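**Q** Next comes entry-v2.cif, mmCIF, C-alpha atoms:
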data_my_file
#
loop_
_atom_site.group_PDB
_atom_site.id
_atom_site.type_symbol
_atom_site.label_atom_id
_atom_site.label_comp_id
_atom_site.auth_asym_id
_atom_site.auth_seq_id
_atom_site.Cartn_x
_atom_site.Cartn_y
_atom_site.Cartn_z
ATOM 1 C CA MET A 1 245.380 84.796 50.281
ATOM 2 C CA ARG A 2 243.493 81.855 51.770
ATOM 3 C CA TRP A 3 241.349 82.094 54.864
ATOM 4 C CA ARG A 4 240.118 79.598 57.388
ATOM 5 C CA ARG A 5 236.344 79.334 57.502
ATOM 6 C CA GLY A 6 234.803 81.831 59.909
ATOM 7 C CA VAL A 7 237.913 83.986 60.165
ATOM 8 C CA ARG A 8 237.414 86.517 57.370
ATOM 9 C CA VAL A 9 234.807 88.641 59.172
ATOM 10 C CA CYS A 10 236.701 88.744 62.450
ATOM 11 C CA VAL A 11 240.005 89.742 60.864
ATOM 12 C CA ALA A 12 238.281 92.426 58.821
ATOM 13 C CA ALA A 13 236.743 93.786 61.991
ATOM 14 C CA LEU A 14 240.132 93.723 63.645
ATOM 15 C CA LEU A 15 241.556 95.963 60.967
ATOM 16 C CA VAL A 16 238.874 98.515 61.777
ATOM 17 C CA SER A 17 238.981 98.270 65.565
ATOM 18 C CA SER A 18 241.952 97.272 67.687
ATOM 19 C CA SER A 19 239.671 95.981 70.407
ATOM 20 C CA ALA A 20 238.191 93.234 68.201
ATOM 21 C CA ALA A 21 235.965 92.410 71.128
ATOM 22 C CA GLY A 22 233.365 90.659 69.019
ATOM 23 C CA CYS A 23 235.960 88.374 67.454
ATOM 24 C CA ALA A 24 237.585 86.942 70.547
ATOM 25 C CA THR A 25 237.383 83.175 70.552
ATOM 26 C CA GLY A 26 239.574 82.331 73.529
ATOM 27 C CA PRO A 27 238.966 82.835 77.253
ATOM 28 C CA SER A 28 239.386 86.287 78.748
ATOM 29 C CA LEU A 29 242.728 87.228 80.230
ATOM 30 C CA GLU A 30 241.229 87.110 83.712
ATOM 31 C CA ASN A 31 240.477 83.404 83.203
ATOM 32 C CA ARG A 32 243.847 82.492 81.758
ATOM 33 C CA GLY A 33 246.000 82.574 84.866
ATOM 34 C CA GLN A 34 246.470 78.821 84.542
ATOM 35 C CA VAL A 35 247.100 77.466 81.056
ATOM 36 C CA THR A 36 245.496 74.048 81.166
ATOM 37 C CA ALA A 37 244.526 73.311 77.564
ATOM 38 C CA PRO A 38 246.897 70.993 75.703
ATOM 39 C CA PRO A 39 249.035 72.595 72.983
ATOM 40 C CA GLY A 40 247.185 72.632 69.667
ATOM 41 C CA ASP A 41 248.390 71.411 66.302
ATOM 42 C CA SER A 42 246.017 72.856 63.700
ATOM 43 C CA ARG A 43 246.533 71.765 60.117
ATOM 44 C CA HIS A 44 246.128 75.260 58.683
ATOM 45 C CA LEU A 45 248.163 78.094 60.202
ATOM 46 C CA SER A 46 248.071 81.831 59.532
ATOM 47 C CA ILE A 47 251.382 83.653 59.911
ATOM 48 C CA GLY A 48 251.279 87.348 60.777
ATOM 49 C CA SER A 49 253.551 90.022 59.331
ATOM 50 C CA ALA A 50 253.874 93.547 60.724
ATOM 51 C CA GLY A 51 254.182 95.016 57.250
ATOM 52 C CA PHE A 52 257.855 96.066 57.125
ATOM 53 C CA THR A 53 260.513 94.266 55.109
ATOM 54 C CA GLU A 54 262.162 92.281 57.893
ATOM 55 C CA SER A 55 258.871 91.099 59.360
ATOM 56 C CA GLU A 56 257.627 90.018 55.950
ATOM 57 C CA LEU A 57 260.835 88.105 55.243
ATOM 58 C CA LEU A 58 260.571 86.277 58.560
ATOM 59 C CA ALA A 59 256.896 85.507 57.979
ATOM 60 C CA ARG A 60 257.715 84.104 54.529
ATOM 61 C CA MET A 61 260.433 81.887 55.985
ATOM 62 C CA TYR A 62 258.114 80.689 58.756
ATOM 63 C CA ALA A 63 255.440 79.846 56.189
ATOM 64 C CA ALA A 64 257.899 77.922 54.015
ATOM 65 C CA LEU A 65 259.294 75.911 56.936
ATOM 66 C CA LEU A 66 255.825 75.086 58.235
ATOM 67 C CA GLY A 67 254.743 74.161 54.702
ATOM 68 C CA LYS A 68 257.614 71.714 54.451
ATOM 69 C CA ALA A 69 256.536 70.241 57.794
ATOM 70 C CA GLY A 70 253.109 69.491 56.331
ATOM 71 C CA TYR A 71 251.025 72.510 57.314
ATOM 72 C CA GLU A 72 248.855 74.617 55.052
ATOM 73 C CA THR A 73 249.719 78.270 55.576
ATOM 74 C CA ASP A 74 248.718 81.769 54.634
ATOM 75 C CA ILE A 75 250.258 85.129 55.492
ATOM 76 C CA LEU A 76 248.246 87.986 56.962
ATOM 77 C CA THR A 77 249.833 91.439 56.992
ATOM 78 C CA VAL A 78 248.631 93.681 59.828
ATOM 79 C CA GLY A 79 250.510 96.939 60.151
ATOM 80 C CA ASN A 80 251.030 97.319 63.874
ATOM 81 C CA ARG A 81 251.275 95.385 67.118
ATOM 82 C CA GLU A 82 248.148 96.989 68.570
ATOM 83 C CA LEU A 83 246.159 95.167 65.890
ATOM 84 C CA TYR A 84 247.952 91.880 65.342
ATOM 85 C CA GLU A 85 248.611 90.948 68.974
ATOM 86 C CA PRO A 86 244.899 90.648 69.909
ATOM 87 C CA SER A 87 244.427 88.601 66.740
ATOM 88 C CA LEU A 88 247.246 86.314 67.858
ATOM 89 C CA GLU A 89 245.588 85.863 71.257
ATOM 90 C CA SER A 90 242.222 84.978 69.716
ATOM 91 C CA GLY A 91 243.666 82.523 67.179
ATOM 92 C CA GLN A 92 242.892 84.511 64.040
ATOM 93 C CA ILE A 93 246.666 84.642 63.587
ATOM 94 C CA ASP A 94 248.642 81.627 64.765
ATOM 95 C CA VAL A 95 252.313 82.585 64.446
ATOM 96 C CA VAL A 96 254.123 85.945 64.468
ATOM 97 C CA PRO A 97 257.826 86.860 64.327
ATOM 98 C CA GLU A 98 258.561 89.141 67.280
ATOM 99 C CA TYR A 99 261.449 90.801 69.114
ATOM 100 C CA ALA A 100 262.012 89.609 72.663
ATOM 101 C CA ALA A 101 262.700 92.829 74.573
ATOM 102 C CA THR A 102 260.278 95.016 72.655
ATOM 103 C CA PHE A 103 257.447 92.501 72.955
ATOM 104 C CA ALA A 104 258.104 91.979 76.666
ATOM 105 C CA ASP A 105 257.849 95.691 77.398
ATOM 106 C CA TRP A 106 254.793 96.010 75.151
ATOM 107 C CA LEU A 107 252.934 93.183 76.895
ATOM 108 C CA ASN A 108 253.922 94.587 80.271
ATOM 109 C CA ALA A 109 252.486 97.990 79.358
ATOM 110 C CA LYS A 110 249.335 96.323 78.047
ATOM 111 C CA THR A 111 248.946 94.425 81.306
ATOM 112 C CA LYS A 112 249.970 97.089 83.811
ATOM 113 C CA GLY A 113 249.354 100.338 81.966
ATOM 114 C CA ALA A 114 251.297 102.658 79.704
ATOM 115 C CA ASP A 115 253.313 104.081 82.602
ATOM 116 C CA ALA A 116 254.616 100.674 83.732
ATOM 117 C CA ASP A 117 258.367 100.466 84.203
ATOM 118 C CA PRO A 118 260.226 98.516 81.474
ATOM 119 C CA VAL A 119 260.854 94.871 82.300
ATOM 120 C CA ALA A 120 263.190 93.829 79.460
ATOM 121 C CA SER A 121 266.942 93.921 79.879
ATOM 122 C CA PRO A 122 270.153 93.432 77.878
ATOM 123 C CA ASP A 123 270.318 89.883 79.266
ATOM 124 C CA LEU A 124 268.504 87.478 76.950
ATOM 125 C CA GLY A 125 267.711 84.904 79.634
ATOM 126 C CA THR A 126 266.154 87.493 81.923
ATOM 127 C CA THR A 127 264.174 89.012 79.081
ATOM 128 C CA MET A 128 262.863 85.649 77.884
ATOM 129 C CA LYS A 129 261.788 84.690 81.410
ATOM 130 C CA VAL A 130 259.703 87.811 81.895
ATOM 131 C CA LEU A 131 258.355 87.656 78.326
ATOM 132 C CA ARG A 132 257.111 84.097 78.783
ATOM 133 C CA ALA A 133 255.538 84.995 82.115
ATOM 134 C CA LEU A 134 253.605 87.806 80.429
ATOM 135 C CA ALA A 135 252.679 85.820 77.311
ATOM 136 C CA GLY A 136 251.521 82.599 78.989
ATOM 137 C CA PRO A 137 248.347 83.948 80.642
ATOM 138 C CA ARG A 138 247.312 85.355 77.264
ATOM 139 C CA GLY A 139 247.394 81.916 75.653
ATOM 140 C CA LEU A 140 250.680 82.615 73.861
ATOM 141 C CA THR A 141 253.838 80.524 73.741
ATOM 142 C CA VAL A 142 257.191 82.156 73.055
ATOM 143 C CA LEU A 143 259.476 79.725 71.242
ATOM 144 C CA PRO A 144 263.271 79.756 71.682
ATOM 145 C CA PRO A 145 265.090 82.758 70.211
ATOM 146 C CA GLY A 146 267.533 82.419 67.375
ATOM 147 C CA ARG A 147 270.884 84.095 66.797
ATOM 148 C CA ALA A 148 269.547 87.138 64.930
ATOM 149 C CA VAL A 149 269.001 90.353 66.868
ATOM 150 C CA ASP A 150 267.569 93.655 65.641
ATOM 151 C CA GLN A 151 268.323 96.444 68.075
ATOM 152 C CA ASN A 152 269.642 99.980 68.167
ATOM 153 C CA ALA A 153 273.159 100.281 66.761
ATOM 154 C CA PHE A 154 275.543 103.196 66.329
ATOM 155 C CA ALA A 155 277.900 103.810 63.418
ATOM 156 C CA VAL A 156 280.693 106.236 62.534
ATOM 157 C CA THR A 157 282.731 106.629 59.364
ATOM 158 C CA ALA A 158 285.457 104.049 58.849
ATOM 159 C CA ALA A 159 287.969 106.880 58.492
ATOM 160 C CA TYR A 160 286.890 108.426 61.804
ATOM 161 C CA ALA A 161 287.157 105.035 63.512
ATOM 162 C CA ARG A 162 290.662 104.440 62.142
ATOM 163 C CA ARG A 163 291.857 107.946 63.005
ATOM 164 C CA HIS A 164 290.798 107.644 66.631
ATOM 165 C CA GLY A 165 291.283 103.896 67.140
ATOM 166 C CA LEU A 166 287.584 103.170 67.710
ATOM 167 C CA LYS A 167 286.036 99.717 67.707
ATOM 168 C CA THR A 168 283.568 99.981 70.578
ATOM 169 C CA LEU A 169 281.364 102.591 72.183
ATOM 170 C CA SER A 170 283.668 102.394 75.201
ATOM 171 C CA ASP A 171 286.533 103.469 72.949
ATOM 172 C CA LEU A 172 284.518 106.491 71.870
ATOM 173 C CA GLY A 173 283.742 107.393 75.475
ATOM 174 C CA ARG A 174 287.405 107.170 76.472
ATOM 175 C CA SER A 175 288.394 109.359 73.535
ATOM 176 C CA LYS A 176 286.473 112.326 75.022
ATOM 177 C CA LEU A 177 285.617 113.419 71.484
ATOM 178 C CA PRO A 178 282.575 115.683 71.117
ATOM 179 C CA VAL A 179 279.873 113.806 69.229
ATOM 180 C CA ARG A 180 276.944 115.223 67.290
ATOM 181 C CA LEU A 181 274.501 112.328 66.861
ATOM 182 C CA ALA A 182 272.177 111.877 63.877
ATOM 183 C CA ALA A 183 269.032 110.179 65.202
ATOM 184 C CA GLY A 184 265.312 110.593 65.802
ATOM 185 C CA ASP A 185 264.299 113.603 67.874
ATOM 186 C CA GLU A 186 263.111 111.246 70.655
ATOM 187 C CA CYS A 187 266.769 110.237 71.161
ATOM 188 C CA VAL A 188 267.207 113.204 73.474
ATOM 189 C CA GLN A 189 265.078 111.462 76.111
ATOM 190 C CA ARG A 190 265.203 107.736 75.329
ATOM 191 C CA PRO A 191 267.303 105.839 77.906
ATOM 192 C CA PHE A 192 268.913 103.661 75.250
ATOM 193 C CA CYS A 193 269.963 106.632 73.125
ATOM 194 C CA ALA A 194 271.694 109.898 74.119
ATOM 195 C CA PRO A 195 271.156 109.632 77.908
ATOM 196 C CA GLY A 196 272.332 106.008 77.891
ATOM 197 C CA LEU A 197 275.387 106.779 75.766
ATOM 198 C CA GLU A 198 276.364 109.522 78.198
ATOM 199 C CA ARG A 199 275.623 107.520 81.364
ATOM 200 C CA THR A 200 276.946 104.098 80.334
ATOM 201 C CA TYR A 201 279.847 105.068 78.094
ATOM 202 C CA GLY A 202 280.688 108.649 79.056
ATOM 203 C CA ILE A 203 280.251 109.778 75.458
ATOM 204 C CA ASP A 204 280.047 113.567 75.078
ATOM 205 C CA ILE A 205 276.837 114.009 73.051
ATOM 206 C CA THR A 206 276.885 117.700 72.152
ATOM 207 C CA ALA A 207 273.647 117.630 70.130
ATOM 208 C CA VAL A 208 271.105 115.316 68.526
ATOM 209 C CA ASP A 209 270.555 116.068 64.843
ATOM 210 C CA PRO A 210 266.914 114.987 64.262
ATOM 211 C CA LYS A 211 267.269 113.259 60.916
ATOM 212 C CA GLY A 212 265.586 109.986 61.865
ATOM 213 C CA VAL A 213 266.747 106.475 62.713
ATOM 214 C CA GLY A 214 268.946 105.015 59.986
ATOM 215 C CA THR A 215 267.604 107.317 57.271
ATOM 216 C CA THR A 216 269.642 108.249 54.222
ATOM 217 C CA PRO A 217 269.939 111.911 55.335
ATOM 218 C CA ALA A 218 271.162 110.758 58.755
ATOM 219 C CA LYS A 219 273.875 108.567 57.249
ATOM 220 C CA GLN A 220 274.847 111.263 54.769
ATOM 221 C CA ALA A 221 275.255 113.749 57.618
ATOM 222 C CA VAL A 222 277.837 111.441 59.203
ATOM 223 C CA GLN A 223 279.431 110.639 55.849
ATOM 224 C CA ASN A 224 280.066 114.318 55.101
ATOM 225 C CA GLY A 225 281.232 115.154 58.632
ATOM 226 C CA GLN A 226 278.265 117.265 59.695
ATOM 227 C CA ASP A 227 277.609 114.669 62.431
ATOM 228 C CA GLN A 228 280.005 112.162 63.961
ATOM 229 C CA MET A 229 277.696 109.210 64.670
ATOM 230 C CA VAL A 230 274.337 107.850 63.494
ATOM 231 C CA LEU A 231 271.683 105.798 65.249
ATOM 232 C CA THR A 232 270.460 102.926 63.080
ATOM 233 C CA THR A 233 269.695 99.231 63.639
ATOM 234 C CA SER A 234 271.872 96.141 63.809
ATOM 235 C CA THR A 235 270.277 94.697 60.643
ATOM 236 C CA ASP A 236 270.975 97.804 58.554
ATOM 237 C CA ALA A 237 272.880 96.478 55.540
ATOM 238 C CA THR A 238 273.539 99.872 53.945
ATOM 239 C CA VAL A 239 276.066 101.336 56.382
ATOM 240 C CA GLU A 240 279.007 100.241 54.235
ATOM 241 C CA GLN A 241 277.557 102.069 51.235
ATOM 242 C CA PHE A 242 278.035 105.305 53.201
ATOM 243 C CA GLY A 243 281.538 104.370 54.369
ATOM 244 C CA LEU A 244 280.319 103.673 57.903
ATOM 245 C CA VAL A 245 281.153 100.996 60.462
ATOM 246 C CA PHE A 246 279.342 99.909 63.619
ATOM 247 C CA LEU A 247 280.819 100.500 67.058
ATOM 248 C CA ALA A 248 280.219 97.506 69.319
ATOM 249 C CA ASP A 249 277.835 97.935 72.249
ATOM 250 C CA ASP A 250 280.398 96.284 74.530
ATOM 251 C CA LYS A 251 278.664 97.218 77.800
ATOM 252 C CA LYS A 252 275.283 96.022 76.519
ATOM 253 C CA LEU A 253 273.323 99.247 76.745
ATOM 254 C CA GLN A 254 270.706 97.907 74.336
ATOM 255 C CA ASN A 255 268.077 95.390 75.348
ATOM 256 C CA ALA A 256 267.997 91.820 74.050
ATOM 257 C CA ASP A 257 265.800 92.258 70.972
ATOM 258 C CA TYR A 258 266.404 88.793 69.544
ATOM 259 C CA VAL A 259 264.015 87.456 66.939
ATOM 260 C CA VAL A 260 261.529 85.036 68.532
ATOM 261 C CA PRO A 261 258.517 83.202 67.086
ATOM 262 C CA VAL A 262 255.363 83.693 69.164
ATOM 263 C CA VAL A 263 252.488 81.252 68.659
ATOM 264 C CA ASN A 264 248.909 80.825 69.785
ATOM 265 C CA ARG A 265 249.235 77.847 72.139
ATOM 266 C CA ALA A 266 245.776 76.393 71.429
ATOM 267 C CA ARG A 267 246.356 76.307 67.672
ATOM 268 C CA ALA A 268 250.120 76.151 67.124
ATOM 269 C CA GLY A 269 251.684 75.120 70.419
ATOM 270 C CA SER A 270 252.803 71.671 69.317
ATOM 271 C CA ALA A 271 256.332 70.311 69.334
ATOM 272 C CA ARG A 272 256.047 69.848 65.569
ATOM 273 C CA VAL A 273 255.537 73.592 65.017
ATOM 274 C CA ALA A 274 258.407 74.407 67.383
ATOM 275 C CA ALA A 275 260.714 71.975 65.574
ATOM 276 C CA ALA A 276 259.866 73.394 62.156
ATOM 277 C CA LEU A 277 260.460 77.002 63.188
ATOM 278 C CA GLY A 278 263.478 76.083 65.283
ATOM 279 C CA LYS A 279 265.383 75.067 62.163
ATOM 280 C CA LEU A 280 265.757 78.748 61.299
ATOM 281 C CA ASN A 281 267.358 79.467 64.672
ATOM 282 C CA SER A 282 270.379 77.352 63.870
ATOM 283 C CA VAL A 283 271.287 79.303 60.731
ATOM 284 C CA LEU A 284 269.840 82.844 60.675
ATOM 285 C CA THR A 285 272.286 85.458 62.009
ATOM 286 C CA THR A 286 272.013 89.214 62.384
ATOM 287 C CA GLU A 287 274.303 89.600 59.381
ATOM 288 C CA ASP A 288 272.149 87.245 57.313
ATOM 289 C CA LEU A 289 269.031 89.224 58.180
ATOM 290 C CA ALA A 290 270.737 92.464 57.181
ATOM 291 C CA ARG A 291 271.686 90.994 53.789
ATOM 292 C CA LEU A 292 268.158 89.710 53.225
ATOM 293 C CA ASN A 293 266.747 93.157 54.024
ATOM 294 C CA GLN A 294 269.190 94.647 51.545
ATOM 295 C CA ARG A 295 268.102 92.323 48.744
ATOM 296 C CA VAL A 296 264.520 93.519 49.168
ATOM 297 C CA ASP A 297 265.045 97.196 49.972
ATOM 298 C CA SER A 298 268.046 97.988 47.772
ATOM 299 C CA TRP A 299 267.975 95.322 45.079
ATOM 300 C CA ARG A 300 264.160 95.411 44.753
ATOM 301 C CA ARG A 301 263.679 91.659 44.924
ATOM 302 C CA LEU A 302 260.457 90.085 46.116
ATOM 303 C CA PRO A 303 260.451 89.034 49.793
ATOM 304 C CA GLU A 304 259.059 85.578 48.947
ATOM 305 C CA ASP A 305 261.886 84.978 46.443
ATOM 306 C CA VAL A 306 264.568 86.198 48.844
ATOM 307 C CA ALA A 307 263.202 84.094 51.699
ATOM 308 C CA SER A 308 262.944 80.966 49.567
ATOM 309 C CA ALA A 309 266.444 81.375 48.118
ATOM 310 C CA TYR A 310 267.936 81.768 51.589
ATOM 311 C CA LEU A 311 266.257 78.669 52.979
ATOM 312 C CA LYS A 312 267.346 76.634 49.952
ATOM 313 C CA ALA A 313 270.918 77.888 50.279
ATOM 314 C CA LYS A 314 270.912 76.733 53.912
ATOM 315 C CA GLY A 315 269.501 73.321 53.019
ATOM 316 C CA LEU A 316 266.200 73.918 54.802
ATOM 317 C CA LEU A 317 263.983 73.585 51.725
#
What is this structure when it is put down as structure tokens?
**A**
Amino acid sequence: MRWRRGVRVCVAALLVSSSAAGCATGPSLENRGQVTAPPGDSRHLSIGSAGFTESELLARMYAALLGKAGYETDILTVGNRELYEPSLESGQIDVVPEYAATFADWLNAKTKGADADPVASPDLGTTMKVLRALAGPRGLTVLPPGRAVDQNAFAVTAAYARRHGLKTLSDLGRSKLPVRLAAGDECVQRPFCAPGLERTYGIDITAVDPKGVGTTPAKQAVQNGQDQMVLTTSTDATVEQFGLVFLADDKKLQNADYVVPVVNRARAGSARVAAALGKLNSVLTTEDLARLNQRVDSWRRLPEDVASAYLKAKGLL
């Protein structure tokens, strides 16, 4: 991994302390109410990855596209948002793949406190507006979202769906079938899980089987009939291996967690950076992202090879 001069010590400190107070290079949040500095266009850009497969794939694709546009790049893996977001603000990391709704609510809680009401919504336009309003004073620019979205998704067996004529969550609600849901134990209280399914769709959730989100045991429990539905994510490419199919979230219970690049404005806010990263928006779909995840997680291929092959197949490299 290559480092910009003067960055190594600050990033190392960041990995030890989430405050990274001694590493901040930009103005304090209190002084950033008006973003007046022109967008930067640094020659060398660091791309952040959150350390899970999908984030690493996106970071690799960002690095390749920026490399083709003439930038020198490196990739810095930092395991959680509490660590990499301050580094993005200070310019130690220049570009990060994010998720619109999740990042909006996270920034809102950081600004207003952990008990702040959520601000994201199922509507992408509304979510992007509030996200940009929260990101701007922190010296961050949120680039346009693409077509790919990674959000909660619910699946049943294909046989169960055929037997009861189910294609959507509304269909399941109308069926009045009792549903035991395989999910994380927090699903009992989360508004986008069991309570939301009951309130929005009228689904009769009789119990939550705490087997985790999209885990193999959770999918197996639905496959063998112990449970009727599983909570996973929209980029889960393994549901078919368990004989499962997604039910469409036709009333948009889930928030708009579209993939969005977020950049440090002072270092990577130029139109050239936006154009390079925007090329991915025109091709990458939720289904594509699921297949790319599968190649890494199930086929054991290297993320850099999978990312490069995809971009070449789409004519972007």
**Q** Which residue gives the smallest distance to Ala100 in chain A among A:Ser55, A:Ser42, A:Ser234, A:Asn255, with all atoms listed in the file counted?
**A**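 For Ala100 in chain A, the nearest of the candidates is A:Asn255.
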**Q** At a cut-off of 12 Å around the point (262.3, 89.8, 55.5) (file coordinates), what residues fall inside when counting all atoms listed in the file? I'd like the answer as a VMD selection string.
**A** chain A and resid 49 to 62 97 235 259 284 286 288 to 297 301 to 310
**Q** For this file, the PyMOL selection byres ((chain A and resi 221) around 12) selects which residues, as a PyMOL selection string?
**A** chain A and resi 155-157+180-183+208-212+214-220+222-231+242-244
**Q** Just want the 12 Å neighbourhood of Ala275 in chain A, counted on all atoms listed in the file, with same-chain residues fewer than 4 positions away dropped. Output as a PyMOL selection string.
**A** chain A and resi 62+65-66+68-69+143-144+261+268-271+279-282
**Q** Would you mind exporting the chosen residues as a compact mmCIF listing (two decimals), in the frame of the given file, restricted to C-alpha atoms?
**A**
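This is the output file selection09.txt:
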# COMPACT_ATOMS: atom_id res chain seq x y z
CA TYR A 62 258.11 80.69 58.76
CA LEU A 65 259.29 75.91 56.94
CA LEU A 66 255.82 75.09 58.24
CA LYS A 68 257.61 71.71 54.45
CA ALA A 69 256.54 70.24 57.79
CA LEU A 143 259.48 79.72 71.24
CA PRO A 144 263.27 79.76 71.68
CA PRO A 261 258.52 83.20 67.09
CA ALA A 268 250.12 76.15 67.12
CA GLY A 269 251.68 75.12 70.42
CA SER A 270 252.80 71.67 69.32
CA ALA A 271 256.33 70.31 69.33
CA LYS A 279 265.38 75.07 62.16
CA LEU A 280 265.76 78.75 61.30
CA ASN A 281 267.36 79.47 64.67
CA SER A 282 270.38 77.35 63.87
**Q** Just so the selection is clear, what residues does the PyMOL selection byres ((chain A and resi 76) around 9) cover here, as a list in words?
**A**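 Matching residues under the PyMOL selection byres ((chain A and resi 76) around 9) are Met1, Ser46, Ile47, Gly48, Ser49, Ala50, Asp74, Ile75, Thr77, Val78 and Ile93 of chain A.
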**Q** One decimal, Å: what's the distance from CA of Glu198 in chain A over to CA of Ser175 in chain A, could you say?
**A**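 CA of Glu198 in chain A sits 12.9 Å away from CA of Ser175 in chain A.
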**Q** Please report the interatomic distance between CA of Pro39 in chain A and CA of Gly139 in chain A in Å with one decimal.
**A**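 Straight-line distance from CA of Pro39 in chain A to CA of Gly139 in chain A works out to 9.8 Å.
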**Q** Name the residues captured by the PyMOL selection byres ((chain A and resi 94) around 9) when it is applied to the shown file; answer as an NGL selection string.
**A** :A and (45-48 or 87-93 or 95-96 or 262-268)
**Q** Which one is closest to Gly67 in chain A: A:Arg174, A:Lys110, A:Arg81, A:His44? Count all atoms listed in the file.
**A**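 The answer is A:His44, which sits nearest to Gly67 in chain A.
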**Q** Which of these, A:Gly165, A:Ala153, A:Asp236, A:Tyr160, has the shortest distance to Leu197 in chain A once you count all atoms listed in the file?
**A**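 Going through A:Gly165, A:Ala153, A:Asp236, A:Tyr160 one by one, the smallest distance to Leu197 in chain A is for A:Ala153.
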**Q** Interatomic distance between CA of Asp204 in chain A and CA of Phe246 in chain A?
**A** 17.8 Å
